[in-house]
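Comments concern the structure below.
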Amino acid sequence: MARKRKYPKVVGYWVYSLYVPSVDKYYIGISKQQCSERWRKGRYKETTLFPYLDEWDSMIKTVIQDGLTKEQAVQLEDELVIKYRNENRCV
């Protein structure tokens, strides 16, 4: 029997969000690693997400867009961070 993937497979650079339900806020990031590698709790110990890591299992992890160049990913990440900061919804 084939093992079901916990996270989707991505191509190239990709932009993602980690939604923290308890505070109704988002962490936005970019990566070139696969989701299963990037979305490891320990990778966020030195980030603004650190205070919420005890909620890791309840966070909603979303691939916003993949197949991007590094420049496209950085631009989309910046746009989303600005959007969520303006709404006071950015971790």
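Labels used: A, B, ... for chains in the order of the structure tokens, numbers from 1 for residues in each chain, and numbers from 1 for ligands as shown.
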
If we count only C-alpha atoms and set the cut-off at 7 Å, which residues sit around Lys41 of chain A, ignoring sequence neighbours fewer than 3 positions away in its own chain? Please answer as a compact mmCIF listing (two decimals) with N, CA and C atoms, in the first residue's frame.
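As a result, selection15.txt now contains:
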```txt
# COMPACT_ATOMS: atom_id res chain seq x y z
N TYR A 44 11.71 26.80 13.10
CA TYR A 44 11.11 28.10 13.39
C TYR A 44 11.47 28.64 14.77
N LEU A 53 4.95 28.05 18.82
CA LEU A 53 5.33 26.70 18.42
C LEU A 53 4.62 25.59 19.20
N TRP A 56 1.92 24.12 17.10
CA TRP A 56 2.35 23.66 15.78
C TRP A 56 1.34 22.75 15.10
```

Just the residues within 8 Å of Gly67 of chain A, please, counting only C-alpha atoms, with nothing from its chain fewer than 4 positions along; format it as a ChimeraX atom specification. /A:10-14

Those selected residues, please, written with N, CA, C and O atoms and delivered as a short mmCIF file (atom, residue, chain, number, x, y, z; two decimals), in the first residue's frame.
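Dumped to result05.cif:
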```cif
data_model
loop_
_atom_site.label_atom_id
_atom_site.label_comp_id
_atom_site.auth_asym_id
_atom_site.auth_seq_id
_atom_site.Cartn_x
_atom_site.Cartn_y
_atom_site.Cartn_z
N VAL A 10 6.12 20.19 -4.06
CA VAL A 10 6.24 21.50 -4.69
C VAL A 10 7.39 21.51 -5.68
O VAL A 10 8.30 20.68 -5.61
N VAL A 11 7.35 22.49 -6.59
CA VAL A 11 8.37 22.63 -7.62
C VAL A 11 8.96 24.03 -7.54
O VAL A 11 8.23 25.01 -7.40
N GLY A 12 10.29 24.12 -7.63
CA GLY A 12 10.95 25.43 -7.63
C GLY A 12 10.78 26.15 -6.31
O GLY A 12 10.56 25.54 -5.25
N TYR A 13 10.88 27.45 -6.37
CA TYR A 13 10.63 28.27 -5.19
C TYR A 13 9.13 28.35 -4.96
O TYR A 13 8.34 28.32 -5.91
N TRP A 14 8.75 28.46 -3.70
CA TRP A 14 7.33 28.53 -3.38
C TRP A 14 7.11 29.42 -2.18
O TRP A 14 7.99 29.64 -1.36
#
```

List the neighbours of Val20 of chain A out to 10 Å using only C-alpha atoms; skip same-chain residues closer than 5 positions along the sequence, and give me the result as a VMD selection string. chain A and resid 25 to 27 49 52 to 53 55 to 61 89 to 91

Could you write out that same residue set with N, CA and C atoms as a PDB file, in the first residue's frame?
```pdb
ATOM      1  N   LYS A  25      -3.513  35.009  13.020  1.00  0.00           N
ATOM      2  CA  LYS A  25      -2.424  35.677  12.305  1.00  0.00           C
ATOM      3  C   LYS A  25      -1.669  34.678  11.438  1.00  0.00           C
ATOM      4  N   TYR A  26      -0.922  35.235  10.482  1.00  0.00           N
ATOM      5  CA  TYR A  26      -0.181  34.443   9.508  1.00  0.00           C
ATOM      6  C   TYR A  26       1.317  34.685   9.591  1.00  0.00           C
ATOM      7  N   TYR A  27       2.062  33.644   9.332  1.00  0.00           N
ATOM      8  CA  TYR A  27       3.505  33.726   9.094  1.00  0.00           C
ATOM      9  C   TYR A  27       3.658  33.413   7.613  1.00  0.00           C
ATOM     10  N   LEU A  49       7.673  33.265  14.812  1.00  0.00           N
ATOM     11  CA  LEU A  49       6.681  32.222  15.084  1.00  0.00           C
ATOM     12  C   LEU A  49       6.982  31.465  16.381  1.00  0.00           C
ATOM     13  N   TYR A  52       4.590  30.708  19.321  1.00  0.00           N
ATOM     14  CA  TYR A  52       3.401  29.921  19.004  1.00  0.00           C
ATOM     15  C   TYR A  52       3.712  28.457  18.686  1.00  0.00           C
ATOM     16  N   LEU A  53       4.954  28.046  18.825  1.00  0.00           N
ATOM     17  CA  LEU A  53       5.332  26.697  18.421  1.00  0.00           C
ATOM     18  C   LEU A  53       4.621  25.592  19.202  1.00  0.00           C
ATOM     19  N   GLU A  55       1.662  25.404  19.498  1.00  0.00           N
ATOM     20  CA  GLU A  55       0.431  25.208  18.718  1.00  0.00           C
ATOM     21  C   GLU A  55       0.713  24.602  17.340  1.00  0.00           C
ATOM     22  N   TRP A  56       1.923  24.123  17.103  1.00  0.00           N
ATOM     23  CA  TRP A  56       2.354  23.662  15.784  1.00  0.00           C
ATOM     24  C   TRP A  56       1.338  22.746  15.103  1.00  0.00           C
ATOM     25  N   ASP A  57       0.829  21.776  15.825  1.00  0.00           N
ATOM     26  CA  ASP A  57      -0.079  20.794  15.221  1.00  0.00           C
ATOM     27  C   ASP A  57      -1.417  21.396  14.799  1.00  0.00           C
ATOM     28  N   SER A  58      -1.819  22.500  15.400  1.00  0.00           N
ATOM     29  CA  SER A  58      -3.088  23.131  15.019  1.00  0.00           C
ATOM     30  C   SER A  58      -2.912  24.225  13.966  1.00  0.00           C
ATOM     31  N   MET A  59      -1.659  24.562  13.624  1.00  0.00           N
ATOM     32  CA  MET A  59      -1.431  25.569  12.588  1.00  0.00           C
ATOM     33  C   MET A  59      -1.834  25.013  11.227  1.00  0.00           C
ATOM     34  N   ILE A  60      -2.379  25.896  10.400  1.00  0.00           N
ATOM     35  CA  ILE A  60      -2.779  25.505   9.052  1.00  0.00           C
ATOM     36  C   ILE A  60      -1.651  25.915   8.109  1.00  0.00           C
ATOM     37  N   LYS A  61      -1.038  24.909   7.480  1.00  0.00           N
ATOM     38  CA  LYS A  61       0.107  25.115   6.600  1.00  0.00           C
ATOM     39  C   LYS A  61      -0.372  25.060   5.156  1.00  0.00           C
ATOM     40  N   ARG A  89      -2.473  41.247  10.879  1.00  0.00           N
ATOM     41  CA  ARG A  89      -2.675  39.799  10.913  1.00  0.00           C
ATOM     42  C   ARG A  89      -1.392  39.058  10.564  1.00  0.00           C
ATOM     43  N   CYS A  90      -0.257  39.712  10.752  1.00  0.00           N
ATOM     44  CA  CYS A  90       1.035  39.100  10.459  1.00  0.00           C
ATOM     45  C   CYS A  90       1.752  38.813  11.779  1.00  0.00           C
ATOM     46  N   VAL A  91       2.221  37.583  11.938  1.00  0.00           N
ATOM     47  CA  VAL A  91       2.962  37.206  13.161  1.00  0.00           C
ATOM     48  C   VAL A  91       4.244  38.013  13.209  1.00  0.00           C
TER      49      VAL A  91
END
```

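Neighbours of Ser31 of chain A closer than or equal to 9 Å, with only C-alpha atoms counted and sequence neighbours fewer than 2 positions away skipped, come out as Gly12, Tyr13, Trp14, Val15, Tyr16, Gly29, Gln33, Gln34, Cys35, Arg38, Lys70 and Ala73 of chain A.
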
Same residues, all heavy atoms, output as a CSV table (one decimal), in the first residue's frame:
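As written to disk, out29.csv reads:
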```csv
chain,number,residue,atom,x,y,z
A,12,GLY,N,10.3,24.1,-7.6
A,12,GLY,CA,10.9,25.4,-7.6
A,12,GLY,C,10.8,26.1,-6.3
A,12,GLY,O,10.6,25.5,-5.3
A,13,TYR,N,10.9,27.5,-6.4
A,13,TYR,CA,10.6,28.3,-5.2
A,13,TYR,C,9.1,28.3,-5.0
A,13,TYR,O,8.3,28.3,-5.9
A,13,TYR,CB,11.2,29.7,-5.4
A,13,TYR,CG,12.7,29.7,-5.2
A,13,TYR,CD1,13.6,29.6,-6.2
A,13,TYR,CD2,13.2,30.0,-3.9
A,13,TYR,CE1,14.9,29.6,-6.0
A,13,TYR,CE2,14.6,30.0,-3.7
A,13,TYR,CZ,15.4,29.8,-4.8
A,13,TYR,OH,16.8,29.9,-4.6
A,14,TRP,N,8.8,28.5,-3.7
A,14,TRP,CA,7.3,28.5,-3.4
A,14,TRP,C,7.1,29.4,-2.2
A,14,TRP,O,8.0,29.6,-1.4
A,14,TRP,CB,6.8,27.1,-3.2
A,14,TRP,CG,7.5,26.3,-2.1
A,14,TRP,CD1,8.7,25.7,-2.3
A,14,TRP,CD2,7.1,25.9,-0.8
A,14,TRP,NE1,9.1,25.0,-1.2
A,14,TRP,CE2,8.1,25.1,-0.3
A,14,TRP,CE3,5.9,26.1,-0.1
A,14,TRP,CZ2,8.0,24.5,1.0
A,14,TRP,CZ3,5.8,25.6,1.2
A,14,TRP,CH2,6.8,24.8,1.7
A,15,VAL,N,5.9,30.0,-2.1
A,15,VAL,CA,5.5,30.9,-1.0
A,15,VAL,C,4.4,30.1,-0.2
A,15,VAL,O,3.6,29.4,-0.8
A,15,VAL,CB,4.9,32.2,-1.6
A,15,VAL,CG1,4.4,33.1,-0.4
A,15,VAL,CG2,6.0,32.9,-2.4
A,16,TYR,N,4.5,30.3,1.1
A,16,TYR,CA,3.6,29.5,2.0
A,16,TYR,C,3.2,30.4,3.1
A,16,TYR,O,3.8,31.4,3.4
A,16,TYR,CB,4.3,28.3,2.5
A,16,TYR,CG,5.4,28.5,3.4
A,16,TYR,CD1,5.3,28.6,4.8
A,16,TYR,CD2,6.7,28.7,2.9
A,16,TYR,CE1,6.4,28.9,5.6
A,16,TYR,CE2,7.8,28.9,3.7
A,16,TYR,CZ,7.6,29.0,5.1
A,16,TYR,OH,8.7,29.2,5.9
A,29,GLY,N,6.3,32.8,4.3
A,29,GLY,CA,7.7,32.5,4.0
A,29,GLY,C,7.8,32.0,2.6
A,29,GLY,O,6.9,31.8,1.9
A,33,GLN,N,12.9,24.1,-0.6
A,33,GLN,CA,12.9,22.7,-0.1
A,33,GLN,C,11.5,22.2,-0.2
A,33,GLN,O,10.5,23.0,-0.3
A,33,GLN,CB,13.2,22.7,1.4
A,33,GLN,CG,14.6,23.3,1.8
A,33,GLN,CD,14.8,23.4,3.3
A,33,GLN,OE1,13.9,24.0,3.9
A,33,GLN,NE2,15.9,22.9,3.8
A,34,GLN,N,11.4,20.9,-0.1
A,34,GLN,CA,10.0,20.3,-0.1
A,34,GLN,C,9.3,20.6,1.2
A,34,GLN,O,10.0,20.9,2.2
A,34,GLN,CB,10.1,18.8,-0.3
A,34,GLN,CG,10.5,18.3,-1.7
A,34,GLN,CD,9.4,18.8,-2.7
A,34,GLN,OE1,8.2,18.6,-2.5
A,34,GLN,NE2,9.9,19.4,-3.8
A,35,CYS,N,8.0,20.6,1.2
A,35,CYS,CA,7.2,21.0,2.4
A,35,CYS,C,7.6,20.1,3.6
A,35,CYS,O,7.7,20.7,4.7
A,35,CYS,CB,5.7,20.8,2.1
A,35,CYS,SG,5.1,21.8,0.8
A,38,ARG,N,10.8,21.7,4.9
A,38,ARG,CA,10.6,23.1,5.4
A,38,ARG,C,9.8,23.2,6.6
A,38,ARG,O,10.0,23.9,7.5
A,38,ARG,CB,10.0,23.9,4.2
A,38,ARG,CG,9.8,25.4,4.6
A,38,ARG,CD,11.1,26.1,4.8
A,38,ARG,NE,11.0,26.9,6.1
A,38,ARG,CZ,12.0,27.3,6.8
A,38,ARG,NH1,13.2,27.1,6.4
A,38,ARG,NH2,11.8,28.0,7.9
A,70,LYS,N,13.2,32.6,-7.8
A,70,LYS,CA,13.5,33.2,-6.5
A,70,LYS,C,13.0,34.7,-6.4
A,70,LYS,O,12.4,35.1,-5.4
A,70,LYS,CB,15.0,33.2,-6.2
A,70,LYS,CG,15.4,33.7,-4.8
A,70,LYS,CD,16.9,33.6,-4.6
A,70,LYS,CE,17.2,34.1,-3.1
A,70,LYS,NZ,18.6,34.0,-2.8
A,73,ALA,N,9.2,34.7,-6.0
A,73,ALA,CA,8.8,34.2,-4.7
A,73,ALA,C,9.0,35.4,-3.7
A,73,ALA,O,8.2,35.6,-2.8
A,73,ALA,CB,9.6,33.0,-4.3
```

Rounded to one decimal in Å, what is the spacing between atom CA of Ile64 of chain A and atom CA of Arg43 of chain A? 19.3 Å

Just the number, please: distance in Å from atom CA of Tyr7 of chain A to atom CA of Arg85 of chain A, one decimal.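 About the pair atom CA of Tyr7 of chain A and atom CA of Arg85 of chain A: they are 26.8 Å apart.
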
So which residues of chain A fall under strand (DSSP E) by DSSP, listed as a list in words?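 Those residues are Tyr13, Trp14, Val15, Tyr16, Ser17, Leu18, Tyr19, Val20, Lys25, Tyr26, Tyr27, Ile28, Gly29, Ile30, Ser31, Ile60, Lys61, Thr62, Val63, Ile64, Gln65, Asp66, Gly67 and Leu68 of chain A.
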
Using only C-alpha atoms, find the one residue out of A:Phe50, A:Gln72, A:Tyr84, A:Lys45 that sits nearest to Ser17 of chain A. A:Tyr84

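In this structure, atom CA of Ile28 of chain A sits 7.1 Å away from atom CA of Leu80 of chain A.
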
Please identify the helix (DSSP H, G or I) residues within chain A (assignment by DSSP from backbone atoms) and present them as a VMD selection string. chain A and resid 35 to 38 41 to 44 50 to 58 70 to 86

Take the residues that were just selected and, keeping N, CA, C and O atoms, output them as a compact mmCIF listing (two decimals), in the first residue's frame.
```txt
# COMPACT_ATOMS: atom_id res chain seq x y z
N CYS A 35 8.02 20.64 1.20
CA CYS A 35 7.23 20.99 2.39
C CYS A 35 7.61 20.14 3.60
O CYS A 35 7.73 20.66 4.71
N SER A 36 7.81 18.85 3.36
CA SER A 36 8.12 17.95 4.48
C SER A 36 9.44 18.33 5.17
O SER A 36 9.62 18.08 6.36
N GLU A 37 10.34 18.95 4.43
CA GLU A 37 11.61 19.41 4.98
C GLU A 37 11.46 20.79 5.62
O GLU A 37 11.96 21.07 6.71
N ARG A 38 10.79 21.69 4.91
CA ARG A 38 10.64 23.08 5.38
C ARG A 38 9.76 23.16 6.62
O ARG A 38 10.03 23.91 7.54
N LYS A 41 8.96 21.76 12.78
CA LYS A 41 8.79 22.68 13.91
C LYS A 41 10.10 23.32 14.35
O LYS A 41 10.16 24.52 14.60
N GLY A 42 11.17 22.55 14.41
CA GLY A 42 12.45 23.06 14.87
C GLY A 42 13.06 24.15 14.02
O GLY A 42 13.90 24.92 14.48
N ARG A 43 12.63 24.26 12.79
CA ARG A 43 13.17 25.28 11.88
C ARG A 43 12.67 26.69 12.21
O ARG A 43 13.14 27.66 11.65
N TYR A 44 11.71 26.80 13.10
CA TYR A 44 11.11 28.10 13.39
C TYR A 44 11.47 28.64 14.77
O TYR A 44 10.90 29.63 15.22
N PHE A 50 8.18 31.65 16.92
CA PHE A 50 8.61 30.91 18.11
C PHE A 50 7.60 30.89 19.26
O PHE A 50 7.34 29.84 19.82
N PRO A 51 7.00 32.03 19.63
CA PRO A 51 6.07 32.01 20.77
C PRO A 51 4.84 31.10 20.56
O PRO A 51 4.15 30.77 21.51
N TYR A 52 4.59 30.71 19.32
CA TYR A 52 3.40 29.92 19.00
C TYR A 52 3.71 28.46 18.69
O TYR A 52 2.81 27.71 18.32
N LEU A 53 4.95 28.05 18.82
CA LEU A 53 5.33 26.70 18.42
C LEU A 53 4.62 25.59 19.20
O LEU A 53 4.48 24.48 18.70
N ASP A 54 4.13 25.89 20.40
CA ASP A 54 3.38 24.87 21.14
C ASP A 54 2.04 24.56 20.45
O ASP A 54 1.39 23.57 20.75
N GLU A 55 1.66 25.40 19.50
CA GLU A 55 0.43 25.21 18.72
C GLU A 55 0.71 24.60 17.34
O GLU A 55 -0.16 24.62 16.48
N TRP A 56 1.92 24.12 17.10
CA TRP A 56 2.35 23.66 15.78
C TRP A 56 1.34 22.75 15.10
O TRP A 56 1.02 22.92 13.93
N ASP A 57 0.83 21.78 15.82
CA ASP A 57 -0.08 20.79 15.22
C ASP A 57 -1.42 21.40 14.80
O ASP A 57 -2.08 20.86 13.92
N SER A 58 -1.82 22.50 15.40
CA SER A 58 -3.09 23.13 15.02
C SER A 58 -2.91 24.23 13.97
O SER A 58 -3.91 24.75 13.45
N LYS A 70 13.23 32.63 -7.77
CA LYS A 70 13.52 33.22 -6.46
C LYS A 70 12.98 34.65 -6.39
O LYS A 70 12.38 35.05 -5.40
N GLU A 71 13.17 35.40 -7.46
CA GLU A 71 12.72 36.80 -7.49
C GLU A 71 11.20 36.90 -7.39
O GLU A 71 10.67 37.74 -6.68
N GLN A 72 10.48 36.02 -8.10
CA GLN A 72 9.02 36.02 -8.03
C GLN A 72 8.54 35.65 -6.62
O GLN A 72 7.60 36.25 -6.11
N ALA A 73 9.20 34.68 -6.01
CA ALA A 73 8.82 34.25 -4.66
C ALA A 73 9.04 35.37 -3.66
O ALA A 73 8.17 35.63 -2.81
N VAL A 74 10.18 36.05 -3.74
CA VAL A 74 10.47 37.16 -2.82
C VAL A 74 9.44 38.27 -3.00
O VAL A 74 8.94 38.83 -2.02
N GLN A 75 9.08 38.57 -4.24
CA GLN A 75 8.10 39.62 -4.51
C GLN A 75 6.73 39.26 -3.93
O GLN A 75 6.09 40.08 -3.26
N LEU A 76 6.28 38.03 -4.16
CA LEU A 76 4.99 37.60 -3.63
C LEU A 76 5.00 37.58 -2.11
O LEU A 76 4.04 38.02 -1.46
N GLU A 77 6.09 37.09 -1.52
CA GLU A 77 6.21 37.09 -0.06
C GLU A 77 6.09 38.51 0.48
O GLU A 77 5.35 38.76 1.43
N ASP A 78 6.82 39.45 -0.13
CA ASP A 78 6.77 40.85 0.32
C ASP A 78 5.36 41.42 0.24
O ASP A 78 4.89 42.09 1.17
N GLU A 79 4.66 41.14 -0.86
CA GLU A 79 3.30 41.64 -1.04
C GLU A 79 2.37 41.10 0.04
O GLU A 79 1.55 41.83 0.60
N LEU A 80 2.50 39.81 0.34
CA LEU A 80 1.63 39.20 1.36
C LEU A 80 1.96 39.69 2.76
O LEU A 80 1.05 39.93 3.56
N VAL A 81 3.24 39.85 3.07
CA VAL A 81 3.62 40.37 4.40
C VAL A 81 3.05 41.78 4.57
O VAL A 81 2.48 42.10 5.63
N ILE A 82 3.17 42.61 3.56
CA ILE A 82 2.63 43.98 3.64
C ILE A 82 1.12 43.93 3.83
O ILE A 82 0.56 44.63 4.68
N LYS A 83 0.43 43.09 3.06
CA LYS A 83 -1.02 42.95 3.17
C LYS A 83 -1.42 42.56 4.59
O LYS A 83 -2.28 43.21 5.20
N TYR A 84 -0.80 41.51 5.12
CA TYR A 84 -1.18 41.04 6.45
C TYR A 84 -0.74 42.00 7.56
O TYR A 84 -1.43 42.13 8.57
N ARG A 85 0.37 42.69 7.38
CA ARG A 85 0.77 43.70 8.37
C ARG A 85 -0.24 44.83 8.41
O ARG A 85 -0.59 45.32 9.48
N ASN A 86 -0.68 45.26 7.23
CA ASN A 86 -1.68 46.35 7.16
C ASN A 86 -2.98 45.95 7.83
O ASN A 86 -3.72 46.81 8.31
```

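Proximity of A:Glu46, A:Ser22, A:Lys32, A:Lys6 to Asp66 of chain A, computed with only C-alpha atoms, is greatest for A:Lys32.
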